[in-house]
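Below is entry.cif, which holds mmCIF, C-alpha atoms.
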data_model
loop_
_atom_site.label_atom_id
_atom_site.label_comp_id
_atom_site.auth_asym_id
_atom_site.auth_seq_id
_atom_site.Cartn_x
_atom_site.Cartn_y
_atom_site.Cartn_z
CA MET A 269 0.00 0.00 0.00
CA LYS A 270 1.43 3.35 -1.03
CA PHE A 271 1.01 6.01 1.66
CA THR A 272 1.90 9.57 2.52
CA LYS A 273 2.54 10.69 6.07
CA MET A 274 1.55 14.29 6.80
CA HIS A 275 0.94 16.46 9.83
CA GLY A 276 -1.04 19.53 10.75
CA ILE A 277 0.93 21.17 13.57
CA GLY A 278 1.97 17.76 14.88
CA ASN A 279 -1.34 15.94 14.43
CA ASP A 280 0.03 13.22 12.14
CA TYR A 281 -1.90 10.76 9.99
CA ILE A 282 -1.19 8.20 7.28
CA TYR A 283 -2.92 9.29 4.05
CA VAL A 284 -3.89 6.85 1.30
CA ASN A 285 -4.97 7.87 -2.21
CA CYS A 286 -8.01 5.65 -2.77
CA PHE A 287 -8.27 6.79 -6.37
CA GLU A 288 -5.36 4.38 -6.84
CA GLU A 289 -5.33 2.13 -3.75
CA LYS A 290 -7.97 -0.12 -2.18
CA VAL A 291 -7.95 -0.55 1.61
CA GLU A 292 -9.88 -3.70 2.52
CA ASN A 293 -10.02 -3.38 6.30
CA PRO A 294 -9.30 0.26 7.24
CA GLU A 295 -10.07 -0.28 10.93
CA ALA A 296 -7.34 -2.94 11.28
CA VAL A 297 -4.98 -1.11 8.94
CA SER A 298 -5.29 2.03 11.06
CA ILE A 299 -4.38 0.14 14.22
CA TYR A 300 -1.34 -1.36 12.51
CA VAL A 301 0.07 1.73 10.79
CA SER A 302 -0.58 3.95 13.84
CA ASP A 303 1.62 1.86 16.14
CA ARG A 304 4.71 3.99 16.83
CA HIS A 305 6.86 0.97 17.68
CA LYS A 306 5.71 -1.75 15.27
CA GLY A 307 4.03 0.29 12.53
CA ILE A 308 4.69 3.61 10.82
CA GLY A 309 3.47 5.72 13.74
CA SER A 310 0.54 8.14 13.55
CA ASP A 311 -2.66 9.37 15.17
CA GLY A 312 -4.64 7.34 12.63
CA LEU A 313 -5.45 6.63 8.99
CA VAL A 314 -7.07 8.94 6.41
CA LEU A 315 -8.54 7.72 3.13
CA ILE A 316 -8.82 10.23 0.26
CA MET A 317 -11.68 9.01 -1.92
CA PRO A 318 -13.91 9.96 -4.86
CA SER A 319 -17.18 11.71 -3.99
CA ASP A 320 -20.46 12.24 -5.83
CA LYS A 321 -21.23 15.23 -3.59
CA ALA A 322 -17.95 17.16 -3.49
CA ASP A 323 -14.51 17.33 -5.11
CA PHE A 324 -13.16 14.71 -2.72
CA ARG A 325 -14.28 12.55 0.20
CA MET A 326 -12.43 11.65 3.39
CA ARG A 327 -12.78 8.78 5.81
CA ILE A 328 -10.73 8.93 8.98
CA PHE A 329 -9.89 6.22 11.50
CA ASN A 330 -8.40 6.73 14.95
CA ALA A 331 -5.36 4.88 16.25
CA ASP A 332 -7.65 2.36 17.96
CA GLY A 333 -9.45 1.58 14.70
CA SER A 334 -12.66 3.49 15.46
CA GLU A 335 -13.98 5.70 12.67
CA ALA A 336 -14.15 9.43 13.39
CA MET A 337 -16.61 11.90 11.93
CA MET A 338 -13.94 14.31 10.72
CA CYS A 339 -10.69 16.04 11.69
CA GLY A 340 -9.77 19.66 11.16
CA ASN A 341 -6.03 19.09 10.84
CA ALA A 342 -6.60 16.22 8.40
CA THR A 343 -8.84 18.36 6.20
CA ARG A 344 -6.00 20.86 5.79
CA CYS A 345 -3.54 18.09 4.95
CA ILE A 346 -5.94 16.69 2.35
CA GLY A 347 -6.09 20.15 0.77
CA LYS A 348 -2.30 20.15 0.48
CA TYR A 349 -2.19 16.55 -0.73
CA VAL A 350 -4.67 16.90 -3.59
CA TYR A 351 -3.07 20.12 -4.84
CA ASP A 352 0.58 19.13 -4.46
CA LYS A 353 -0.02 15.68 -5.98
CA GLY A 354 -1.87 17.12 -8.97
CA LEU A 355 -5.33 15.73 -8.20
CA THR A 356 -6.67 19.28 -8.60
CA ASP A 357 -5.45 22.66 -9.77
CA LYS A 358 -8.19 24.56 -7.93
CA THR A 359 -7.44 26.63 -4.83
CA GLU A 360 -11.02 26.38 -3.57
CA ILE A 361 -12.31 22.83 -3.12
CA THR A 362 -15.09 20.95 -1.36
CA LEU A 363 -14.53 17.92 0.86
CA GLU A 364 -17.17 15.39 1.87
CA THR A 365 -16.81 14.20 5.48
CA ASN A 366 -18.99 12.13 7.78
CA SER A 367 -20.15 15.41 9.32
CA GLY A 368 -21.01 17.16 6.06
CA ILE A 369 -19.32 19.11 3.28
CA LYS A 370 -16.35 21.30 4.25
CA TYR A 371 -15.07 24.19 2.13
CA LEU A 372 -11.31 24.62 1.79
CA THR A 373 -9.27 27.55 0.51
CA LEU A 374 -5.68 26.64 -0.39
CA PHE A 375 -2.74 29.04 -0.19
CA PRO A 376 0.10 27.81 -2.44
CA GLU A 377 3.63 29.17 -2.26
CA ASN A 378 6.07 28.25 -5.06
CA GLY A 379 3.69 25.58 -6.31
CA LYS A 380 3.13 23.90 -2.93
CA VAL A 381 0.33 24.52 -0.44
CA GLU A 382 1.60 25.86 2.88
CA TYR A 383 -1.62 27.01 4.57
CA VAL A 384 -5.25 25.98 4.28
CA GLU A 385 -8.36 27.79 5.48
CA VAL A 386 -11.40 25.64 6.23
CA ASP A 387 -15.01 26.69 6.68
CA MET A 388 -15.85 24.21 9.42
CA GLY A 389 -19.59 24.91 9.33
CA LYS A 390 -21.75 25.87 12.29
CA ALA A 391 -20.98 24.88 15.84
CA VAL A 392 -23.59 22.78 17.65
CA ILE A 393 -24.26 23.59 21.31
CA VAL A 394 -27.52 21.71 21.99
CA PRO A 395 -26.63 18.82 24.35
CA LYS A 396 -28.69 16.08 22.70
CA GLU A 397 -27.14 16.94 19.31
CA ILE A 398 -23.50 16.83 20.57
CA PRO A 399 -24.39 14.31 22.21
CA VAL A 400 -24.42 14.92 25.97
CA MET A 401 -26.79 13.22 28.39
CA ALA A 402 -28.39 16.47 29.52
CA GLU A 403 -31.50 18.53 28.85
CA GLY A 404 -31.73 22.14 27.74
CA GLU A 405 -30.45 24.27 24.86
CA SER A 406 -26.79 24.43 25.92
CA PHE A 407 -24.17 22.94 28.24
CA ILE A 408 -22.07 25.92 29.32
CA SER A 409 -19.83 25.94 32.40
CA VAL A 410 -21.77 23.09 34.02
CA PRO A 411 -20.21 21.57 37.18
CA VAL A 412 -19.36 17.91 36.53
CA GLU A 413 -17.50 15.50 38.81
CA VAL A 414 -14.75 13.62 37.00
CA GLY A 415 -12.46 11.30 38.93
CA GLY A 416 -13.60 12.79 42.23
CA ILE A 417 -12.86 16.40 41.18
CA GLU A 418 -15.45 18.94 40.09
CA TYR A 419 -14.80 20.71 36.77
CA LYS A 420 -16.89 23.29 34.94
CA ILE A 421 -17.41 21.89 31.46
CA THR A 422 -18.70 23.47 28.26
CA CYS A 423 -19.69 21.12 25.44
CA VAL A 424 -19.66 21.84 21.70
CA SER A 425 -19.86 19.70 18.57
CA MET A 426 -17.86 20.57 15.47
CA GLY A 427 -19.04 17.41 13.72
CA ASN A 428 -17.55 15.46 16.63
CA PRO A 429 -18.14 16.00 20.35
CA HIS A 430 -15.92 18.16 22.56
CA ALA A 431 -15.80 19.03 26.26
CA VAL A 432 -13.88 22.21 27.10
CA VAL A 433 -12.37 22.78 30.55
CA TYR A 434 -10.64 25.97 31.77
CA LEU A 435 -7.66 25.69 34.10
CA ASP A 436 -5.00 28.12 35.33
CA ASN A 437 -2.00 25.96 34.37
CA ILE A 438 -2.20 23.19 31.79
CA ALA A 439 1.51 22.50 31.30
CA ASP A 440 1.77 20.04 34.19
CA LEU A 441 -1.49 18.15 33.70
CA GLU A 442 -1.26 14.36 33.78
CA LEU A 443 -3.45 13.86 30.74
CA GLU A 444 -2.72 10.14 30.50
CA LYS A 445 -4.59 9.80 33.81
CA MET A 446 -7.22 12.51 33.37
CA GLY A 447 -8.05 12.00 29.71
CA PRO A 448 -9.67 8.56 29.87
CA LEU A 449 -11.87 9.68 32.78
CA PHE A 450 -13.36 12.45 30.65
CA GLU A 451 -13.45 10.38 27.45
CA ASN A 452 -15.47 7.58 29.04
CA HIS A 453 -17.65 9.62 31.41
CA LYS A 454 -21.29 8.50 31.56
CA LEU A 455 -22.42 11.93 30.31
CA PHE A 456 -21.00 11.20 26.87
CA PRO A 457 -22.66 8.25 25.08
CA ASP A 458 -20.28 8.45 22.10
CA ARG A 459 -17.24 9.24 24.26
CA ILE A 460 -15.73 12.74 24.11
CA ASN A 461 -12.69 14.73 23.04
CA THR A 462 -11.52 16.98 25.85
CA GLU A 463 -9.74 20.33 25.54
CA PHE A 464 -7.91 21.79 28.53
CA ILE A 465 -7.66 25.55 28.05
CA GLU A 466 -5.57 28.26 29.67
CA VAL A 467 -6.77 31.76 28.76
CA LEU A 468 -3.86 34.14 28.13
CA ASP A 469 -5.96 37.07 26.90
CA SER A 470 -9.12 37.71 24.86
CA ARG A 471 -7.40 36.70 21.62
CA THR A 472 -4.93 34.04 22.78
CA LEU A 473 -5.46 30.59 24.31
CA ASN A 474 -3.17 27.73 25.31
CA MET A 475 -4.61 24.27 24.68
CA ARG A 476 -3.89 20.61 25.34
CA VAL A 477 -6.18 17.92 24.03
CA TRP A 478 -7.15 14.35 24.78
CA GLU A 479 -8.76 12.78 21.71
CA ARG A 480 -11.12 9.86 22.00
CA GLY A 481 -9.53 6.80 20.47
CA SER A 482 -6.07 8.35 20.16
CA GLY A 483 -5.06 9.84 23.53
CA GLU A 484 -3.15 13.10 23.84
CA THR A 485 -2.25 14.52 20.44
CA PHE A 486 -0.11 17.50 19.47
CA ALA A 487 -3.09 19.25 17.93
CA CYS A 488 -6.80 18.94 17.19
CA GLY A 489 -8.40 21.26 14.66
CA THR A 490 -12.01 20.60 15.61
CA GLY A 491 -10.98 20.88 19.26
CA ALA A 492 -9.42 24.29 18.66
CA CYS A 493 -12.63 25.39 16.94
CA ALA A 494 -14.78 24.05 19.77
CA SER A 495 -12.54 25.79 22.32
CA VAL A 496 -12.97 29.19 20.65
CA VAL A 497 -16.74 28.69 20.49
CA ALA A 498 -16.75 27.73 24.19
CA SER A 499 -14.54 30.71 25.03
CA VAL A 500 -16.99 33.08 23.33
CA LEU A 501 -19.91 31.46 25.14
CA ASN A 502 -18.07 31.85 28.45
CA GLY A 503 -17.14 35.49 27.79
CA TYR A 504 -13.37 35.00 27.41
CA CYS A 505 -13.31 35.85 23.67
CA ARG A 506 -15.48 37.69 21.16
CA ARG A 507 -17.24 36.68 17.96
CA ASP A 508 -15.81 37.78 14.61
CA GLU A 509 -12.29 38.13 16.05
CA GLU A 510 -9.43 35.87 15.01
CA ILE A 511 -8.21 33.91 18.02
CA THR A 512 -4.77 32.32 18.19
CA ILE A 513 -4.62 28.87 19.75
CA HIS A 514 -1.22 27.66 20.97
CA LEU A 515 -1.12 23.85 20.81
CA ARG A 516 1.77 21.49 21.50
CA GLY A 517 2.44 21.18 17.77
CA GLY A 518 2.01 24.82 16.75
CA ASP A 519 -0.60 27.53 16.27
CA LEU A 520 -4.04 27.70 14.67
CA LYS A 521 -6.11 30.79 13.87
CA ILE A 522 -9.83 30.40 14.62
CA THR A 523 -12.75 32.79 14.10
CA TYR A 524 -16.25 32.18 15.48
CA CYS A 525 -18.40 34.22 13.13
CA GLY A 526 -21.60 36.07 13.91
CA ASP A 527 -23.67 33.62 11.84
CA GLY A 528 -22.45 30.68 13.92
CA THR A 529 -19.91 29.32 11.45
CA VAL A 530 -16.31 28.67 12.43
CA ILE A 531 -13.28 29.40 10.24
CA MET A 532 -9.96 27.63 10.84
CA LYS A 533 -6.63 28.53 9.25
CA GLY A 534 -3.36 26.70 9.74
CA PRO A 535 -0.41 24.94 8.11
CA ALA A 536 -0.14 21.48 6.56
CA ALA A 537 3.13 19.65 6.05
CA LEU A 538 4.46 16.59 4.24
CA ILE A 539 6.61 14.16 6.24
CA CYS A 540 7.29 11.37 3.76
CA ASP A 541 5.97 9.05 1.07
CA GLY A 542 6.39 5.29 1.25
CA ASP A 543 5.09 1.75 0.85
CA VAL A 544 3.87 -0.55 3.60
CA ASP A 545 2.89 -4.21 3.44
CA VAL A 546 -0.64 -4.67 4.79
CA SER A 547 -1.43 -7.85 2.82
CA PHE A 548 -1.43 -9.92 6.02
CA ILE A 549 -4.32 -7.85 7.45
CA LYS A 550 -7.66 -9.53 6.71
#

As structure tokens, the full file:
Amino acid sequence: MKFTKMHGIGNDYIYVNCFEEKVENPEAVSIYVSDRHKGIGSDGLVLIMPSDKADFRMRIFNADGSEAMMCGNATRCIGKYVYDKGLTDKTEITLETNSGIKYLTLFPENGKVEYVEVDMGKAVIVPKEIPVMAEGESFISVPVEVGGIEYKITCVSMGNPHAVVYLDNIADLELEKMGPLFENHKLFPDRINTEFIEVLDSRTLNMRVWERGSGETFACGTGACASVVASVLNGYCRRDEEITIHLRGGDLKITYCGDGTVIMKGPAALICDGDVDVSFIK
């Protein structure tokens, strides 16, 4: 199987061009290639596929083999892939995901895409639509006990579910202990991605993320979007202002627009191309 490894500010995936390749068991293949000791090493597997609704389609699988709805960092990398590899010459493309059509604007430099802007669609804040096991029209700064400690949690869906928590110092958090407690909390029937946010000022946030099915990652695009939405809802940031999110792998620029849509801009980078034998996976 021919593959390309790419990353969006450290959120790395294995990308496969399914115009040319056929992946028989993507769940098992994702587990294998994601292993950082016995495989290639990644946060998961992304399939770039034909679409009858958009220019391209993506399917994405986490490191544990579970299929995700979408991924913000992966959408940017797909934009770079299809342009740099000659699958398109357009700088505005549409991408079908399991959470709807996303609209990408590509910014080439010297013939290669360096940055991609993605219209991520409208944020969802109604608990039953995220989903969260709670009533009402929103879930904003709600006290929730996790692992014997009470946190105030704000929940947002950006096509996948997110819980946002504000803390004074996130650098020393033991996410390998805390993360699974949030991910598998009874409030979240589909599990949850959790963003731990430190507010620096009204236009700058620090973020660490625990992603369901993958653990702590260097970045999460949908998580950054959800965190800006939550920060506006909690009064830390303002709508229609570009907010800088500092993640472990780099920075993203996020705007929560007045009409409820969220715009994400950030880099995408190639790591390597290669071949991997997956014929033994049935």

Item to check | Residues near region 478-483 of chain A, cut-off 12 Å, only C-alpha atoms, skip fewer than 4 positions along chain, as a PyMOL selection string | outcome: chain A and resi 279-281+295+298-299+302-303+309-313+328-337+339+428-433+441-453+456+458-465+487-492+515-516

Export of the given selection (C-alpha atoms) as a JSON list (two decimals), in the frame of the given file:
[["chain", "number", "residue", "atom", "x", "y", "z"],
["A", 279, "ASN", "CA", -1.34, 15.94, 14.43],
["A", 280, "ASP", "CA", 0.03, 13.22, 12.14],
["A", 281, "TYR", "CA", -1.90, 10.76, 9.99],
["A", 295, "GLU", "CA", -10.07, -0.28, 10.93],
["A", 298, "SER", "CA", -5.29, 2.03, 11.06],
["A", 299, "ILE", "CA", -4.38, 0.14, 14.22],
["A", 302, "SER", "CA", -0.58, 3.95, 13.84],
["A", 303, "ASP", "CA", 1.62, 1.86, 16.14],
["A", 309, "GLY", "CA", 3.47, 5.72, 13.74],
["A", 310, "SER", "CA", 0.54, 8.14, 13.55],
["A", 311, "ASP", "CA", -2.66, 9.37, 15.17],
["A", 312, "GLY", "CA", -4.64, 7.34, 12.63],
["A", 313, "LEU", "CA", -5.45, 6.63, 8.99],
["A", 328, "ILE", "CA", -10.73, 8.93, 8.98],
["A", 329, "PHE", "CA", -9.89, 6.22, 11.50],
["A", 330, "ASN", "CA", -8.40, 6.73, 14.95],
["A", 331, "ALA", "CA", -5.36, 4.88, 16.25],
["A", 332, "ASP", "CA", -7.65, 2.36, 17.96],
["A", 333, "GLY", "CA", -9.45, 1.58, 14.70],
["A", 334, "SER", "CA", -12.66, 3.49, 15.46],
["A", 335, "GLU", "CA", -13.98, 5.70, 12.67],
["A", 336, "ALA", "CA", -14.15, 9.43, 13.39],
["A", 337, "MET", "CA", -16.61, 11.90, 11.93],
["A", 339, "CYS", "CA", -10.69, 16.04, 11.69],
["A", 428, "ASN", "CA", -17.55, 15.46, 16.63],
["A", 429, "PRO", "CA", -18.14, 16.00, 20.35],
["A", 430, "HIS", "CA", -15.92, 18.16, 22.56],
["A", 431, "ALA", "CA", -15.80, 19.03, 26.26],
["A", 432, "VAL", "CA", -13.88, 22.21, 27.10],
["A", 433, "VAL", "CA", -12.37, 22.78, 30.55],
["A", 441, "LEU", "CA", -1.49, 18.15, 33.70],
["A", 442, "GLU", "CA", -1.26, 14.36, 33.78],
["A", 443, "LEU", "CA", -3.45, 13.86, 30.74],
["A", 444, "GLU", "CA", -2.72, 10.14, 30.50],
["A", 445, "LYS", "CA", -4.59, 9.80, 33.81],
["A", 446, "MET", "CA", -7.22, 12.51, 33.37],
["A", 447, "GLY", "CA", -8.05, 12.00, 29.71],
["A", 448, "PRO", "CA", -9.67, 8.56, 29.87],
["A", 449, "LEU", "CA", -11.87, 9.68, 32.78],
["A", 450, "PHE", "CA", -13.36, 12.45, 30.65],
["A", 451, "GLU", "CA", -13.45, 10.38, 27.45],
["A", 452, "ASN", "CA", -15.47, 7.58, 29.04],
["A", 453, "HIS", "CA", -17.65, 9.62, 31.41],
["A", 456, "PHE", "CA", -21.00, 11.20, 26.87],
["A", 458, "ASP", "CA", -20.28, 8.45, 22.10],
["A", 459, "ARG", "CA", -17.24, 9.24, 24.26],
["A", 460, "ILE", "CA", -15.73, 12.74, 24.11],
["A", 461, "ASN", "CA", -12.69, 14.73, 23.04],
["A", 462, "THR", "CA", -11.52, 16.98, 25.85],
["A", 463, "GLU", "CA", -9.74, 20.33, 25.54],
["A", 464, "PHE", "CA", -7.91, 21.79, 28.53],
["A", 465, "ILE", "CA", -7.66, 25.55, 28.05],
["A", 487, "ALA", "CA", -3.09, 19.25, 17.93],
["A", 488, "CYS", "CA", -6.80, 18.94, 17.19],
["A", 489, "GLY", "CA", -8.40, 21.26, 14.66],
["A", 490, "THR", "CA", -12.01, 20.60, 15.61],
["A", 491, "GLY", "CA", -10.98, 20.88, 19.26],
["A", 492, "ALA", "CA", -9.42, 24.29, 18.66],
["A", 515, "LEU", "CA", -1.12, 23.85, 20.81],
["A", 516, "ARG", "CA", 1.77, 21.49, 21.50]]

Next on the checklist: Nearest residue to Thr485 (chain A) out of A:Val350, A:Ala536, A:Ile277, A:Met269, using all atoms listed in the file?
Outcome noted: A:Ile277

Can you tell me, as AutoDock Vina command-line options, the centre and edge lengths (Å, one decimal) of the axis-aligned box enclosing all of region 456-468 of chain A's listed atoms after padding each side by 5 Å?
--center_x -13.3 --center_y 21.2 --center_z 25.9 --size_x 28.8 --size_y 35.9 --size_z 17.6

Checklist entry - Hey, which of A:Glu413, A:Asp469, A:Asp541, A:Glu418 ends up closest to Lys454 (chain A)? Count only C-alpha atoms. => result A:Glu413

Next on the checklist: One number please: CA of Arg507 (chain A) to CA of Arg476 (chain A), in Å, one decimal.
Outcome noted: 22.2 Å

Checklist outcome for this item: Residue with the minimum atom-to-atom distance to Lys390 (chain A), picked from A:Pro294, A:Gly534, A:Gly517, A:Gly427 with all atoms listed in the file counted, is A:Gly427

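Here CA of Lys348 (chain A) stands at a distance of 11.6 Å from CA of Thr272 (chain A).
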